[in-house]
file protein.txt (compact mmCIF, C-alpha atoms and all ligand atoms)
# COMPACT_ATOMS: atom_id res chain seq x y z
CA MET A 1 46.08 44.14 -35.69
CA ASP A 2 45.61 47.63 -34.37
CA PHE A 3 48.15 47.42 -31.61
CA GLN A 4 50.08 50.32 -30.30
CA LYS A 5 52.87 49.83 -27.86
CA GLY A 6 51.40 49.88 -24.44
CA GLN A 7 49.82 48.23 -21.51
CA ILE A 8 49.02 44.88 -23.13
CA SER A 9 52.39 43.25 -22.49
CA ILE A 10 51.93 40.41 -24.89
CA SER A 11 54.23 41.32 -27.74
CA GLU A 12 56.68 38.60 -26.66
CA GLU A 13 53.84 36.17 -27.23
CA LEU A 14 53.05 37.24 -30.81
CA ASN A 15 50.33 39.68 -29.73
CA ILE A 16 48.16 36.95 -28.29
CA VAL A 17 45.40 38.49 -26.19
CA ARG A 18 43.19 36.69 -23.73
CA LEU A 19 40.34 38.55 -22.12
CA VAL A 20 37.29 37.80 -20.05
CA ILE A 21 34.39 40.19 -19.78
CA LEU A 22 32.17 40.42 -16.72
CA GLY A 23 28.82 42.10 -16.26
CA GLY A 24 25.22 41.41 -15.36
CA PRO A 25 22.49 40.51 -17.82
CA GLY A 26 21.92 43.59 -19.99
CA ALA A 27 25.33 45.12 -19.16
CA GLY A 28 26.18 45.41 -22.86
CA LYS A 29 28.82 42.69 -22.85
CA GLY A 30 27.83 41.31 -26.25
CA THR A 31 28.20 44.62 -28.10
CA GLN A 32 31.55 45.39 -26.51
CA ALA A 33 32.76 41.84 -27.08
CA GLN A 34 32.08 42.17 -30.81
CA LEU A 35 33.84 45.54 -31.02
CA LEU A 36 36.86 44.33 -29.10
CA CYS A 37 37.15 41.05 -30.99
CA SER A 38 37.05 42.79 -34.34
CA ASN A 39 39.60 45.35 -33.11
CA LEU A 40 41.96 42.68 -31.81
CA GLY A 41 41.26 40.05 -34.46
CA ILE A 42 40.45 37.39 -31.88
CA PRO A 43 37.48 35.01 -31.64
CA CYS A 44 34.72 35.74 -29.18
CA LEU A 45 33.49 32.77 -27.17
CA ASP A 46 30.00 33.63 -26.01
CA ILE A 47 29.60 30.79 -23.54
CA GLY A 48 25.86 31.28 -22.97
CA GLN A 49 25.31 31.23 -26.73
CA ILE A 50 27.43 28.10 -27.22
CA LEU A 51 25.51 26.45 -24.38
CA ARG A 52 22.18 27.31 -26.01
CA GLN A 53 23.45 25.88 -29.27
CA SER A 54 24.43 22.68 -27.46
CA ILE A 55 20.90 22.46 -26.05
CA ILE A 56 19.41 22.79 -29.54
CA SER A 57 21.82 20.19 -30.92
CA GLU A 58 21.01 17.96 -27.93
CA THR A 59 24.62 17.22 -27.12
CA GLU A 60 25.48 15.58 -23.78
CA VAL A 61 26.43 18.91 -22.20
CA GLY A 62 23.33 20.49 -23.74
CA ARG A 63 21.13 17.90 -22.04
CA GLN A 64 22.86 18.50 -18.70
CA ALA A 65 22.67 22.30 -18.98
CA LYS A 66 19.10 22.58 -20.29
CA PRO A 67 17.12 22.64 -17.01
CA TYR A 68 19.44 25.28 -15.53
CA VAL A 69 19.50 27.55 -18.58
CA GLU A 70 15.71 27.39 -18.90
CA GLN A 71 15.28 28.57 -15.31
CA GLY A 72 17.99 31.26 -15.44
CA GLU A 73 20.02 29.27 -12.91
CA LEU A 74 23.75 28.78 -13.18
CA VAL A 75 24.87 25.50 -14.68
CA PRO A 76 26.96 23.68 -12.03
CA ASP A 77 30.65 24.62 -11.97
CA GLU A 78 31.90 21.08 -12.72
CA ILE A 79 29.95 20.99 -15.99
CA MET A 80 31.04 24.49 -16.97
CA ILE A 81 34.72 23.92 -16.18
CA GLN A 82 34.87 20.87 -18.46
CA PHE A 83 32.88 22.66 -21.13
CA VAL A 84 35.20 25.67 -21.18
CA ARG A 85 38.27 23.44 -21.16
CA GLN A 86 37.01 21.85 -24.39
CA GLN A 87 36.33 25.27 -25.91
CA LEU A 88 39.86 26.48 -25.12
CA LEU A 89 41.40 23.42 -26.73
CA GLU A 90 39.81 24.22 -30.11
CA PRO A 91 42.38 25.20 -32.76
CA ASN A 92 40.60 28.49 -33.61
CA VAL A 93 41.45 29.94 -30.17
CA ALA A 94 45.17 29.21 -30.32
CA LYS A 95 45.94 32.86 -31.13
CA GLY A 96 43.92 34.44 -28.35
CA TRP A 97 40.31 34.75 -27.32
CA LEU A 98 37.70 36.72 -25.48
CA LEU A 99 35.42 34.85 -23.10
CA ASP A 100 31.94 36.32 -22.69
CA GLY A 101 29.85 34.79 -19.90
CA TYR A 102 32.68 32.89 -18.24
CA PRO A 103 33.76 32.91 -15.46
CA ARG A 104 30.55 33.58 -13.58
CA THR A 105 31.58 32.36 -10.13
CA ALA A 106 34.76 32.90 -8.11
CA PHE A 107 35.36 29.15 -8.31
CA GLN A 108 35.21 29.28 -12.12
CA ALA A 109 37.65 32.20 -12.11
CA GLU A 110 40.12 30.25 -10.02
CA GLU A 111 39.65 27.12 -12.12
CA LEU A 112 40.17 29.15 -15.28
CA ASP A 113 43.58 30.19 -13.98
CA PHE A 114 44.45 26.56 -13.24
CA LEU A 115 43.33 25.56 -16.72
CA LEU A 116 45.38 28.35 -18.31
CA GLU A 117 48.41 27.35 -16.27
CA ASP A 118 47.95 23.84 -17.62
CA LEU A 119 47.75 25.17 -21.17
CA GLU A 120 50.72 27.48 -20.53
CA GLN A 121 48.56 30.49 -21.23
CA GLN A 122 47.82 33.65 -19.32
CA LEU A 123 44.82 35.89 -18.95
CA ASN A 124 45.55 39.55 -19.74
CA TRP A 125 42.49 41.31 -18.38
CA ALA A 126 39.11 40.80 -16.80
CA ILE A 127 36.95 43.69 -18.04
CA TYR A 128 33.99 44.49 -15.82
CA PHE A 129 31.07 46.54 -17.17
CA ASN A 130 29.84 48.39 -14.15
CA VAL A 131 26.12 49.15 -14.59
CA PRO A 132 23.53 50.06 -11.90
CA GLU A 133 21.06 47.31 -11.05
CA MET A 134 18.06 49.34 -12.29
CA VAL A 135 19.69 49.72 -15.70
CA LEU A 136 20.44 45.99 -15.90
CA LYS A 137 16.80 45.26 -15.22
CA LYS A 138 15.49 47.84 -17.69
CA ARG A 139 17.79 46.69 -20.48
CA SER A 140 17.06 43.02 -19.80
CA LEU A 141 13.32 43.67 -19.98
CA GLU A 142 13.76 45.41 -23.33
CA ARG A 143 15.30 42.29 -24.82
CA SER A 144 12.96 39.45 -25.58
CA ARG A 145 14.14 35.91 -25.36
CA ALA A 146 12.59 32.72 -24.06
CA ASP A 147 14.59 32.89 -20.82
CA ASP A 148 13.95 36.60 -20.27
CA GLN A 149 10.64 36.53 -18.42
CA LEU A 150 10.51 38.95 -15.48
CA ARG A 151 10.94 36.31 -12.79
CA ILE A 152 13.89 34.82 -14.61
CA ILE A 153 15.46 38.20 -15.30
CA GLU A 154 15.25 39.03 -11.61
CA ARG A 155 16.78 35.69 -10.72
CA ARG A 156 19.64 36.18 -13.20
CA ILE A 157 20.37 39.63 -11.73
CA GLU A 158 20.22 38.25 -8.20
CA LEU A 159 22.64 35.48 -9.16
CA PHE A 160 24.91 38.01 -10.78
CA TYR A 161 25.29 39.94 -7.51
CA GLN A 162 25.57 36.80 -5.38
CA ARG A 163 27.90 34.73 -7.52
CA THR A 164 29.64 36.90 -10.13
CA ILE A 165 30.42 40.13 -8.26
CA PRO A 166 32.77 38.24 -5.86
CA ILE A 167 34.94 37.51 -8.91
CA LEU A 168 36.02 41.16 -8.84
CA GLU A 169 37.74 40.46 -5.54
CA TYR A 170 39.61 37.65 -7.22
CA TYR A 171 40.97 39.68 -10.15
CA GLU A 172 41.43 43.07 -8.43
CA PRO A 173 44.36 42.15 -6.14
CA ARG A 174 45.98 40.30 -9.05
CA GLY A 175 46.08 43.57 -11.01
CA ARG A 176 43.98 42.15 -13.82
CA LEU A 177 40.68 43.95 -13.28
CA LEU A 178 39.53 46.73 -15.57
CA ASP A 179 36.47 48.43 -14.07
CA ILE A 180 34.63 50.23 -16.87
CA ASN A 181 31.54 52.43 -16.51
CA GLY A 182 29.03 50.48 -18.60
CA ASP A 183 26.27 53.05 -18.21
CA GLN A 184 27.28 55.20 -21.18
CA PRO A 185 26.89 54.98 -24.97
CA PRO A 186 28.56 51.91 -26.55
CA GLU A 187 31.14 53.96 -28.51
CA GLN A 188 32.29 55.68 -25.32
CA ILE A 189 32.59 52.37 -23.53
CA HIS A 190 34.65 50.98 -26.40
CA GLN A 191 36.87 54.06 -26.33
CA ALA A 192 37.39 53.75 -22.58
CA ILE A 193 38.46 50.13 -22.94
CA CYS A 194 40.79 50.92 -25.83
CA GLN A 195 42.36 53.69 -23.82
CA HIS A 196 43.08 51.31 -20.96
CA LEU A 197 44.42 48.64 -23.27
CA SER A 198 46.37 51.17 -25.36
CA LEU A 199 44.49 50.20 -28.51
CA THR A 200 43.27 52.40 -31.34
CA PRO A 201 39.42 52.33 -31.28
CA ASN A 202 37.62 50.77 -34.28
P1 LIG B 1 23.96 34.12 -21.02
O1 LIG B 1 23.48 34.14 -22.41
O2 LIG B 1 25.42 34.42 -20.92
O3 LIG B 1 23.14 34.93 -20.10
O4 LIG B 1 23.82 32.60 -20.53
C1 LIG B 1 22.59 31.93 -20.57
C2 LIG B 1 22.53 30.88 -19.51
O5 LIG B 1 23.57 29.92 -19.67
C3 LIG B 1 22.68 31.39 -18.09
O6 LIG B 1 21.48 31.89 -17.56
C4 LIG B 1 23.14 30.12 -17.37
O7 LIG B 1 22.04 29.24 -17.17
C5 LIG B 1 24.04 29.47 -18.40
N1 LIG B 1 25.45 29.91 -18.25
C6 LIG B 1 26.16 30.67 -19.13
N2 LIG B 1 27.41 30.87 -18.69
C7 LIG B 1 27.49 30.23 -17.49
C8 LIG B 1 28.53 30.07 -16.53
N3 LIG B 1 29.74 30.62 -16.69
N4 LIG B 1 28.26 29.35 -15.42
C9 LIG B 1 27.06 28.77 -15.23
N5 LIG B 1 26.04 28.89 -16.09
C10 LIG B 1 26.24 29.61 -17.22

call {"tool": "encode", "arguments": {"input": "protein.txt", "output": "structure tokens", "more": "lines below"}}
Ligand code: AMP
result
Amino acid sequence: MDFQKGQISISEELNIVRLVILGGPGAGKGTQAQLLCSNLGIPCLDIGQILRQSIISETEVGRQAKPYVEQGELVPDEIMIQFVRQQLLEPNVAKGWLLDGYPRTAFQAEELDFLLEDLEQQLNWAIYFNVPEMVLKKRSLERSRADDQLRIIERRIELFYQRTIPILEYYEPRGRLLDINGDQPPEQIHQAICQHLSLTPN
């Protein structure tokens, strides 16, 4: 691992890092998640991706989530909370993780803390990629995916402001929020995060 001594105060815990990343659709979360995970040697749990996979495999949770995912709506909290609990009990995440796409509501953020308390774990940072709404829309339109039609993109952005932005007010007073300017080239964003976390960039 590329750790330097610094802000991530996890050395007592064998360098275990637990991060969540927050940002609207098209905020560049995926790219930064990959860079960070490879830097830290931790698995990246892309919750939206895992959900989509569950839909394809027609698992129970996949069947429940399908109508919401197809419409760009948020899957109800109760389903998501159970789903993430299962993901965090998998053996591959015992040595840390990065959650991409979760939490997405203030309730999920609070429930994640309860879950971590239960598992005797702690979240290190919530990293927020701060990107203007116009940029989110432009970037989302440039991607092409079944659930990326204009109406759905707009709905996902609307939901992001309504439901996910309030999460910042949950993490900020707890001293766990890292607000990063996401409207800059990916390498610079990665560098900014590494600087905050006292890591050597990839
Ligand atoms: P994403 O790829 O992260 O944009 O997720 C795709 C879809 O999965 C979203 O539009 C939601 O329908 C659903 N989803 C992913 N994460 C969550 C979450 N934390 N809470 C509720 N729904 C979610």

call {"tool": "residues_near_ligand", "arguments": {"input": "protein.txt", "ligand": "ligand LIG 1 (chain B)", "cutoff": "8 Å", "atoms": "all atoms listed in the file", "output": "PyMOL selection string"}}
result
chain A and resi 25+46-49+51-52+65-66+68-77+80+100-105+108+147+156

call {"tool": "residues_around", "arguments": {"input": "protein.txt", "residues": "Leu19 of chain A", "least_positions_apart": "5", "cutoff": "7 Å", "atoms": "only C-alpha atoms", "output": "compact mmCIF listing (two decimals) with C-alpha atoms, in the coordinates of the input"}}
result
# COMPACT_ATOMS: atom_id res chain seq x y z
CA TRP A 97 40.31 34.75 -27.32
CA LEU A 98 37.70 36.72 -25.48
CA LEU A 99 35.42 34.85 -23.10
CA LEU A 123 44.82 35.89 -18.95
CA ASN A 124 45.55 39.55 -19.74
CA TRP A 125 42.49 41.31 -18.38
CA ALA A 126 39.11 40.80 -16.80

call {"tool": "atom_distance", "arguments": {"input": "protein.txt", "atom1": "atom CA of Gly175 of chain A", "atom2": "atom CA of Pro91 of chain A"}}
result
28.7 Å

call {"tool": "closest_residue", "arguments": {"input": "protein.txt", "among": "A:Glu60, A:Glu158, A:Lys95, A:Asp183", "to": "Gln121 of chain A", "atoms": "only C-alpha atoms"}}
result
A:Lys95

call {"tool": "atom_distance", "arguments": {"input": "protein.txt", "atom1": "atom CA of Cys37 of chain A", "atom2": "atom CA of Val17 of chain A"}}
result
9.9 Å

call {"tool": "atom_distance", "arguments": {"input": "protein.txt", "atom1": "atom CA of Arg145 of chain A", "atom2": "atom CA of Gln191 of chain A"}}
result
29.1 Å

call {"tool": "closest_residue", "arguments": {"input": "protein.txt", "among": "A:Asn92, A:Asn181, A:Gln162, A:Gln64", "to": "Ile79 of chain A", "atoms": "all atoms listed in the file"}}
result
A:Gln64

call {"tool": "closest_residue", "arguments": {"input": "protein.txt", "among": "A:Glu120, A:Glu58, A:Asp179, A:Glu154", "to": "Leu22 of chain A", "atoms": "all atoms listed in the file"}}
result
A:Asp179

call {"tool": "axis_aligned_box", "arguments": {"input": "protein.txt", "around": "segment 97-108 of chain A", "padding_each_side": "8 Å", "output": "JSON"}}
result
{"center_x": 35.1, "center_y": 32.9, "center_z": -17.7, "size_x": 26.5, "size_y": 23.6, "size_z": 35.2}

call {"tool": "residues_near_point", "arguments": {"input": "protein.txt", "point": "(47.7, 32.4, -33.0)", "cutoff": "9 Å", "atoms": "all atoms listed in the file", "output": "PDB file with C-alpha atoms, keeping the file's coordinate frame"}}
result
ATOM      1  CA  LEU A  14      53.050  37.240 -30.810  1.00  0.00           C
ATOM      2  CA  ASN A  15      50.330  39.680 -29.730  1.00  0.00           C
ATOM      3  CA  ILE A  16      48.160  36.950 -28.290  1.00  0.00           C
ATOM      4  CA  ILE A  42      40.450  37.390 -31.880  1.00  0.00           C
ATOM      5  CA  PRO A  91      42.380  25.200 -32.760  1.00  0.00           C
ATOM      6  CA  ASN A  92      40.600  28.490 -33.610  1.00  0.00           C
ATOM      7  CA  VAL A  93      41.450  29.940 -30.170  1.00  0.00           C
ATOM      8  CA  ALA A  94      45.170  29.210 -30.320  1.00  0.00           C
ATOM      9  CA  LYS A  95      45.940  32.860 -31.130  1.00  0.00           C
ATOM     10  CA  GLY A  96      43.920  34.440 -28.350  1.00  0.00           C
TER      11      GLY A  96
END

call {"tool": "closest_residue", "arguments": {"input": "protein.txt", "among": "A:Val20, A:Leu199, A:Ile56, A:Ile81", "to": "Leu178 of chain A", "atoms": "all atoms listed in the file"}}
result
A:Val20

call {"tool": "closest_residue", "arguments": {"input": "protein.txt", "among": "A:Glu142, A:Gly182, A:His190, A:Gly26", "to": "Phe160 of chain A", "atoms": "all atoms listed in the file"}}
result
A:Gly26

call {"tool": "residues_near_point", "arguments": {"input": "protein.txt", "point": "(40.2, 45.4, -31.6)", "cutoff": "9 Å", "atoms": "all atoms listed in the file", "output": "PyMOL selection string"}}
result
chain A and resi 1-3+34-42+194+199-202

call {"tool": "closest_residue", "arguments": {"input": "protein.txt", "among": "A:Gln195, A:Gln149, A:Gln82, A:Thr164", "to": "Ile180 of chain A", "atoms": "only C-alpha atoms"}}
result
A:Gln195

call {"tool": "residues_around", "arguments": {"input": "protein.txt", "residues": "Leu150 of chain A", "least_positions_apart": "2", "cutoff": "9 Å", "atoms": "all atoms listed in the file", "output": "ChimeraX atom specification"}}
result
/A:137,140-141,148,152-155
